[in-house]
>>> print(open('my_file-v4.txt').read())   # compact mmCIF, C-alpha atoms
# COMPACT_ATOMS: atom_id res chain seq x y z
CA MET Q 15 2.54 -54.99 -65.86
CA PRO Q 16 5.93 -55.06 -64.08
CA ASN Q 17 9.36 -55.88 -65.47
CA THR Q 18 10.53 -59.15 -66.97
CA VAL Q 19 13.89 -60.91 -67.04
CA GLY Q 20 16.62 -58.56 -68.27
CA LYS Q 21 14.40 -55.49 -68.55
CA PRO Q 22 14.30 -52.91 -65.75
CA TYR Q 23 10.78 -51.71 -65.21
CA SER Q 24 9.72 -48.19 -66.10
CA VAL Q 25 6.29 -47.11 -64.91
CA LEU Q 26 3.83 -45.80 -67.47
CA ASP Q 27 1.53 -43.40 -65.60
CA VAL Q 28 -1.80 -44.12 -67.28
CA PHE Q 29 -3.57 -41.69 -64.94
CA LYS Q 30 -1.69 -38.66 -66.25
CA ALA Q 31 -4.26 -38.40 -69.03
CA LEU Q 32 -7.14 -37.78 -66.61
CA THR Q 33 -8.85 -34.43 -66.24
CA GLU Q 34 -9.12 -32.83 -62.79
CA GLU Q 35 -12.72 -34.01 -62.58
CA GLU Q 36 -11.72 -37.57 -63.48
CA GLN Q 37 -8.84 -37.51 -60.98
CA GLN Q 38 -11.32 -36.51 -58.30
CA LEU Q 39 -13.62 -39.34 -59.37
CA VAL Q 40 -10.78 -41.80 -58.84
CA LYS Q 41 -9.91 -40.31 -55.44
CA ASP Q 42 -13.52 -40.47 -54.29
CA ASN Q 43 -13.85 -44.15 -55.19
CA GLN Q 44 -10.42 -45.66 -54.52
CA VAL Q 45 -9.72 -47.79 -51.45
CA HIS Q 46 -6.28 -47.88 -49.82
CA LEU Q 47 -5.14 -51.35 -48.77
CA THR Q 48 -2.11 -52.69 -46.93
CA TYR Q 49 -0.63 -56.17 -47.47
CA ARG Q 50 1.79 -57.90 -45.16
CA LYS Q 51 4.79 -59.85 -46.43
CA ARG Q 52 3.69 -63.02 -48.30
CA GLU Q 53 0.05 -61.88 -48.32
CA ILE Q 54 -1.79 -62.46 -51.60
CA VAL Q 55 -3.51 -59.58 -53.41
CA TYR Q 56 -5.31 -61.93 -55.80
CA LYS Q 57 -4.79 -65.46 -57.08
CA GLU Q 58 -4.53 -66.88 -60.55
CA GLY Q 59 -8.01 -67.86 -61.73
CA SER Q 60 -9.86 -65.49 -59.39
CA LYS Q 61 -12.36 -62.84 -60.44
CA ILE Q 62 -10.95 -59.31 -60.26
CA LEU Q 63 -13.33 -56.48 -59.44
CA GLY Q 64 -10.97 -53.58 -60.07
CA ILE Q 65 -7.35 -52.61 -60.62
CA TYR Q 66 -4.58 -52.23 -58.08
CA GLN Q 67 -2.01 -49.44 -58.22
CA VAL Q 68 1.08 -49.97 -56.08
CA THR Q 69 1.76 -46.96 -53.86
CA LYS Q 70 4.46 -48.44 -51.63
CA GLY Q 71 6.53 -51.62 -51.41
CA LYS Q 72 7.11 -54.53 -53.76
CA PHE Q 73 5.13 -57.48 -55.09
CA LYS Q 74 6.06 -60.51 -57.16
CA ILE Q 75 3.82 -61.75 -59.95
CA TYR Q 76 3.85 -65.41 -60.84
CA LYS Q 77 2.04 -68.17 -62.70
CA THR Q 78 1.70 -71.75 -61.49
CA GLY Q 79 3.15 -74.47 -63.73
CA VAL Q 80 1.84 -77.96 -64.35
CA ASP Q 81 4.07 -79.20 -61.52
CA GLN Q 82 2.53 -76.56 -59.22
CA LYS Q 83 5.86 -74.75 -59.08
CA PRO Q 84 5.52 -70.96 -59.34
CA GLN Q 85 7.13 -69.20 -62.28
CA ILE Q 86 7.89 -65.60 -61.36
CA ILE Q 87 7.32 -63.46 -64.43
CA ALA Q 88 7.63 -59.95 -63.03
CA PHE Q 89 7.92 -57.61 -60.06
CA THR Q 90 6.17 -54.35 -59.29
CA VAL Q 91 7.41 -50.92 -58.33
CA PRO Q 92 5.37 -47.99 -56.95
CA GLY Q 93 3.08 -46.57 -59.63
CA ASP Q 94 2.62 -49.93 -61.32
CA ILE Q 95 -0.93 -51.14 -62.00
CA GLN Q 96 -2.12 -54.73 -61.78
CA GLY Q 97 -5.30 -56.52 -62.77
CA TYR Q 98 -6.40 -54.16 -65.53
CA ARG Q 99 -6.11 -56.73 -68.33
CA SER Q 100 -8.46 -59.11 -66.55
CA VAL Q 101 -10.86 -56.27 -65.79
CA LEU Q 102 -10.96 -55.06 -69.41
CA SER Q 103 -11.25 -58.57 -70.86
CA ASN Q 104 -13.69 -59.74 -68.15
CA GLU Q 105 -11.59 -62.85 -67.63
CA PRO Q 106 -10.16 -64.48 -64.48
CA ALA Q 107 -6.74 -63.36 -63.29
CA CYS Q 108 -3.93 -65.03 -65.25
CA THR Q 109 -1.35 -64.48 -62.49
CA THR Q 110 -0.98 -64.36 -58.70
CA VAL Q 111 0.29 -61.20 -56.96
CA GLU Q 112 2.09 -61.62 -53.62
CA ALA Q 113 3.69 -59.02 -51.34
CA LEU Q 114 7.45 -59.30 -50.84
CA GLU Q 115 7.30 -56.88 -47.90
CA GLU Q 116 4.66 -54.76 -46.20
CA SER Q 117 3.19 -52.86 -49.13
CA ASN Q 118 0.34 -50.53 -49.99
CA VAL Q 119 -1.96 -50.38 -52.99
CA SER Q 120 -4.83 -48.23 -54.15
CA PHE Q 121 -7.81 -50.28 -55.35
CA ILE Q 122 -9.99 -48.67 -58.05
CA PRO Q 123 -13.33 -50.41 -58.85
CA SER Q 124 -13.81 -51.73 -62.37
CA GLU Q 125 -16.85 -49.52 -63.04
CA ILE Q 126 -14.66 -46.45 -62.59
CA ILE Q 127 -12.06 -47.84 -65.01
CA PHE Q 128 -14.73 -48.59 -67.63
CA HIS Q 129 -16.12 -45.06 -67.25
CA LEU Q 130 -12.66 -43.59 -67.86
CA VAL Q 131 -12.00 -45.83 -70.86
CA LYS Q 132 -15.31 -44.87 -72.45
CA HIS Q 133 -14.99 -41.12 -71.86
CA ASN Q 134 -11.24 -40.49 -72.13
CA PRO Q 135 -9.54 -41.85 -75.28
CA ASP Q 136 -6.09 -40.72 -74.09
CA PHE Q 137 -6.47 -42.85 -70.96
CA ALA Q 138 -7.60 -45.81 -73.07
CA LEU Q 139 -4.59 -45.35 -75.38
CA LEU Q 140 -2.18 -45.41 -72.44
CA LEU Q 141 -3.71 -48.67 -71.25
CA ILE Q 142 -3.16 -50.12 -74.72
CA GLN Q 143 0.45 -48.92 -74.68
CA GLN Q 144 0.95 -50.49 -71.28
CA THR Q 145 -0.37 -53.80 -72.62
CA CYS Q 146 2.08 -53.59 -75.52
CA LYS Q 147 4.97 -53.02 -73.10
CA GLU Q 148 3.91 -56.13 -71.18
CA LEU Q 149 3.82 -58.20 -74.36
CA ASP Q 150 7.31 -56.98 -75.27
CA ARG Q 151 8.67 -58.01 -71.88
CA ALA Q 152 6.91 -61.36 -72.10
CA ASN Q 153 8.49 -62.00 -75.51
CA SER Q 154 11.90 -61.11 -74.08
CA LEU Q 155 11.37 -63.57 -71.23
CA ILE Q 156 10.51 -66.38 -73.64
CA THR Q 157 13.56 -65.59 -75.78
CA ASP Q 158 15.87 -65.52 -72.75
CA ILE Q 159 14.67 -68.85 -71.42
CA ALA Q 160 14.96 -70.47 -74.84
CA GLN Q 161 18.34 -69.09 -75.92
CA LYS Q 162 20.45 -68.23 -72.87
CA THR Q 163 22.30 -70.51 -70.49
CA VAL Q 164 21.40 -70.60 -66.81
CA LYS Q 165 24.58 -68.67 -65.96
CA GLU Q 166 23.70 -65.94 -68.44
CA ARG Q 167 20.15 -65.71 -67.10
CA VAL Q 168 21.35 -65.45 -63.50
CA ALA Q 169 23.62 -62.56 -64.51
CA GLU Q 170 20.76 -60.90 -66.38
CA ILE Q 171 18.44 -61.22 -63.40
CA LEU Q 172 21.01 -59.60 -61.12
CA LEU Q 173 21.28 -56.64 -63.51
CA MET Q 174 17.51 -56.32 -63.79
CA LEU Q 175 17.05 -56.31 -60.01
CA HIS Q 176 19.89 -53.80 -59.59
CA ASP Q 177 18.54 -51.43 -62.25
CA THR Q 178 14.91 -51.74 -61.18
CA PHE Q 179 15.17 -51.47 -57.40
CA GLY Q 180 18.46 -49.65 -56.94
CA THR Q 181 20.84 -50.15 -54.02
CA ASN Q 182 21.08 -49.12 -50.38
CA LYS Q 183 23.93 -47.06 -48.88
CA GLU Q 184 26.01 -50.23 -48.56
CA GLY Q 185 25.54 -51.08 -52.23
CA PHE Q 186 23.20 -54.05 -51.78
CA ILE Q 187 20.22 -54.40 -54.12
CA ASN Q 188 17.03 -53.08 -52.51
CA ILE Q 189 15.14 -56.34 -52.68
CA ASN Q 190 15.76 -59.54 -50.73
CA LEU Q 191 14.84 -62.69 -52.61
CA THR Q 192 15.29 -66.32 -51.64
CA ARG Q 193 17.32 -68.57 -53.90
CA ASP Q 194 14.03 -70.31 -54.69
CA ASP Q 195 12.61 -66.97 -55.87
CA ILE Q 196 15.55 -66.43 -58.20
CA SER Q 197 15.31 -69.96 -59.57
CA ASN Q 198 11.57 -69.43 -60.12
CA ILE Q 199 12.30 -66.37 -62.24
CA ILE Q 200 14.84 -68.18 -64.37
CA GLY Q 201 13.01 -71.48 -64.55
CA THR Q 202 15.78 -73.74 -63.27
CA ALA Q 203 16.75 -75.76 -60.22
CA THR Q 204 17.55 -73.88 -57.03
CA GLU Q 205 20.80 -75.82 -56.69
CA SER Q 206 22.00 -74.42 -60.02
CA VAL Q 207 21.31 -70.85 -58.91
CA ILE Q 208 23.13 -71.40 -55.61
CA ARG Q 209 26.15 -72.83 -57.43
CA ILE Q 210 26.35 -69.93 -59.89
CA LEU Q 211 25.91 -67.26 -57.20
CA ARG Q 212 28.67 -68.88 -55.15
CA ASP Q 213 30.90 -68.90 -58.23
CA PHE Q 214 30.23 -65.19 -58.85
CA ASN Q 215 30.88 -64.51 -55.17
CA SER Q 216 34.20 -66.44 -55.17
CA LYS Q 217 35.38 -64.35 -58.13
CA ASN Q 218 34.28 -61.15 -56.35
CA TYR Q 219 31.82 -60.28 -59.11
CA ILE Q 220 29.17 -60.04 -56.38
CA THR Q 221 28.96 -60.10 -52.59
CA LEU Q 222 26.44 -62.36 -50.85
CA GLU Q 223 25.17 -61.61 -47.37
CA ASN Q 224 22.28 -63.93 -46.47
CA ARG Q 225 19.56 -62.91 -48.95
CA LYS Q 226 21.25 -59.63 -49.83
CA ILE Q 227 23.28 -59.30 -53.03
CA LYS Q 228 25.71 -56.57 -54.08
CA ILE Q 229 27.16 -56.34 -57.57
CA ASN Q 230 30.86 -55.51 -57.30
CA ASP Q 231 31.74 -55.81 -60.99
CA TYR Q 232 28.74 -54.57 -62.99
CA LYS Q 233 30.67 -54.65 -66.27
CA ARG Q 234 31.67 -58.30 -65.82
CA ILE Q 235 28.13 -59.38 -64.90
CA LYS Q 236 26.81 -57.53 -67.95
CA LEU Q 237 29.33 -59.26 -70.22
CA ILE Q 238 28.26 -62.64 -68.82
CA SER Q 239 24.59 -61.79 -69.38
CA GLU Q 240 25.36 -60.91 -73.00
CA SER Q 241 27.25 -64.18 -73.62
CA ILE Q 242 30.54 -62.35 -74.05
>>> encode(input="my_file-v4.txt", output="structure tokens")
Amino acid sequence: MPNTVGKPYSVLDVFKALTEEEQQLVKDNQVHLTYRKREIVYKEGSKILGIYQVTKGKFKIYKTGVDQKPQIIAFTVPGDIQGYRSVLSNEPACTTVEALEESNVSFIPSEIIFHLVKHNPDFALLLIQQTCKELDRANSLITDIAQKTVKERVAEILLMLHDTFGTNKEGFININLTRDDISNIIGTATESVIRILRDFNSKNYITLENRKIKINDYKRIKLISESI
């Protein structure tokens, strides 16, 4: 799965373990799909019939709370795979995946994934390792929410977005999120996020331009995120 609060995402290429014959099997059976901004790939509770590998663009992954408010738990980057845990466990999707911009994925049917798992132990091991990475990020998210202040979590989110998605030629982070999106990652009120971002902006730690954010003082933001 994608990255969690405070942890930039690094893609684990589970398909690198495939033989040439297996790679061709995947190519022959995959379907290339395009999703527009805000279009849903699959919803929490739905049946998943295969896995999705991101080839272009960005998606957000979220769960719905008891108050029906989404809790963003991760983002994707190209190369990331989604849906494999539900496929392997034969359980409904535990999250919703939504496009943040026009994005492309490669859909691989579940029967192909099961064939690869059964016949290629290296591929199966990489899937297990990917699951462990997800659990580690999930544990970090729980720890952050429980132990850090809202201000510290906002700073940590800014660093994570910066390190995961990089910046454009003007220095702005290469992902545009609403203030609601940021509050849904942190698990706090939107008004609190707006207030903290304005405070960072007034001190020139960051620059705000509509939905775009540029970190001007990376060291200071990092110190805030670490409670220093």
>>> closest_residue(input="my_file-v4.txt", among="Q:Asn198, Q:Asp231, Q:Glu170, Q:Asn118", to="Gln82 in chain Q", atoms="all atoms listed in the file")
Q:Asn198
>>> atom_distance(input="my_file-v4.txt", atom1="CA of Leu39 in chain Q", atom2="CA of Leu130 in chain Q")
9.5 Å
>>> atom_distance(input="my_file-v4.txt", atom1="CA of Ile196 in chain Q", atom2="CA of Tyr49 in chain Q")
22.0 Å
>>> residues_around(input="my_file-v4.txt", residues="His46 in chain Q", least_positions_apart="3", cutoff="9 Å", atoms="all atoms listed in the file", output="PyMOL selection string")
chain Q and resi 118-121
>>> write_last_selection(input="my_file-v4.txt", atoms="C-alpha atoms", output="tab-separated table (two decimals), in the frame of the given file")
chain	number	residue	atom	x	y	z
Q	118	ASN	CA	0.34	-50.53	-49.99
Q	119	VAL	CA	-1.96	-50.38	-52.99
Q	120	SER	CA	-4.83	-48.23	-54.15
Q	121	PHE	CA	-7.81	-50.28	-55.35
>>> closest_residue(input="my_file-v4.txt", among="Q:Tyr219, Q:Phe73, Q:Phe214, Q:Phe29", to="Asn190 in chain Q", atoms="only C-alpha atoms")
Q:Phe73
>>> atom_distance(input="my_file-v4.txt", atom1="CA of Arg167 in chain Q", atom2="CA of Asp150 in chain Q")
17.5 Å
>>> residues_near_point(input="my_file-v4.txt", point="(-6.1, -47.5, -58.8)", cutoff="7 Å", atoms="only C-alpha atoms", output="PDB file with C-alpha atoms, in the coordinates of the input")
ATOM      1  CA  GLN Q  44     -10.420 -45.660 -54.520  1.00  0.00           C
ATOM      2  CA  ILE Q  65      -7.350 -52.610 -60.620  1.00  0.00           C
ATOM      3  CA  TYR Q  66      -4.580 -52.230 -58.080  1.00  0.00           C
ATOM      4  CA  GLN Q  67      -2.010 -49.440 -58.220  1.00  0.00           C
ATOM      5  CA  SER Q 120      -4.830 -48.230 -54.150  1.00  0.00           C
ATOM      6  CA  PHE Q 121      -7.810 -50.280 -55.350  1.00  0.00           C
ATOM      7  CA  ILE Q 122      -9.990 -48.670 -58.050  1.00  0.00           C
TER       8      ILE Q 122
END
>>> residues_around(input="my_file-v4.txt", residues="Asp27 in chain Q", least_positions_apart="3", cutoff="8 Å", atoms="only C-alpha atoms", output="PyMOL selection string")
chain Q and resi 30+93-94
>>> closest_residue(input="my_file-v4.txt", among="Q:Thr163, Q:Gln96, Q:Asn43, Q:Asn182", to="Ser206 in chain Q", atoms="all atoms listed in the file")
Q:Thr163
>>> residues_around(input="my_file-v4.txt", residues="Glu105 in chain Q", least_positions_apart="5", cutoff="10 Å", atoms="all atoms listed in the file", output="list in words")
Gly59, Ser60, Lys61, Ile62, Arg99 and Ser100 of chain Q
>>> closest_residue(input="my_file-v4.txt", among="Q:Gly185, Q:Gly64, Q:Pro123, Q:Pro84", to="Thr110 in chain Q", atoms="all atoms listed in the file")
Q:Pro84
>>> closest_residue(input="my_file-v4.txt", among="Q:Tyr56, Q:Tyr98, Q:Phe89, Q:Tyr76", to="Ile171 in chain Q", atoms="only C-alpha atoms")
Q:Phe89
>>> closest_residue(input="my_file-v4.txt", among="Q:Ile189, Q:Thr145, Q:Lys226, Q:Val168", to="Arg209 in chain Q", atoms="only C-alpha atoms")
Q:Val168
>>> residues_near_point(input="my_file-v4.txt", point="(19.6, -53.4, -49.8)", cutoff="10 Å", atoms="only C-alpha atoms", output="list of chain:residue names")
Q:His176, Q:Phe179, Q:Gly180, Q:Thr181, Q:Asn182, Q:Lys183, Q:Glu184, Q:Gly185, Q:Phe186, Q:Ile187, Q:Asn188, Q:Ile189, Q:Asn190, Q:Arg225, Q:Lys226, Q:Ile227, Q:Lys228
>>> residues_around(input="my_file-v4.txt", residues="Ser241 in chain Q", least_positions_apart="4", cutoff="12 Å", atoms="all atoms listed in the file", output="JSON, numbers by chain")
{"Q": [158, 161, 162, 163, 164, 165, 166, 167, 168, 169, 170, 234, 235, 236, 237]}
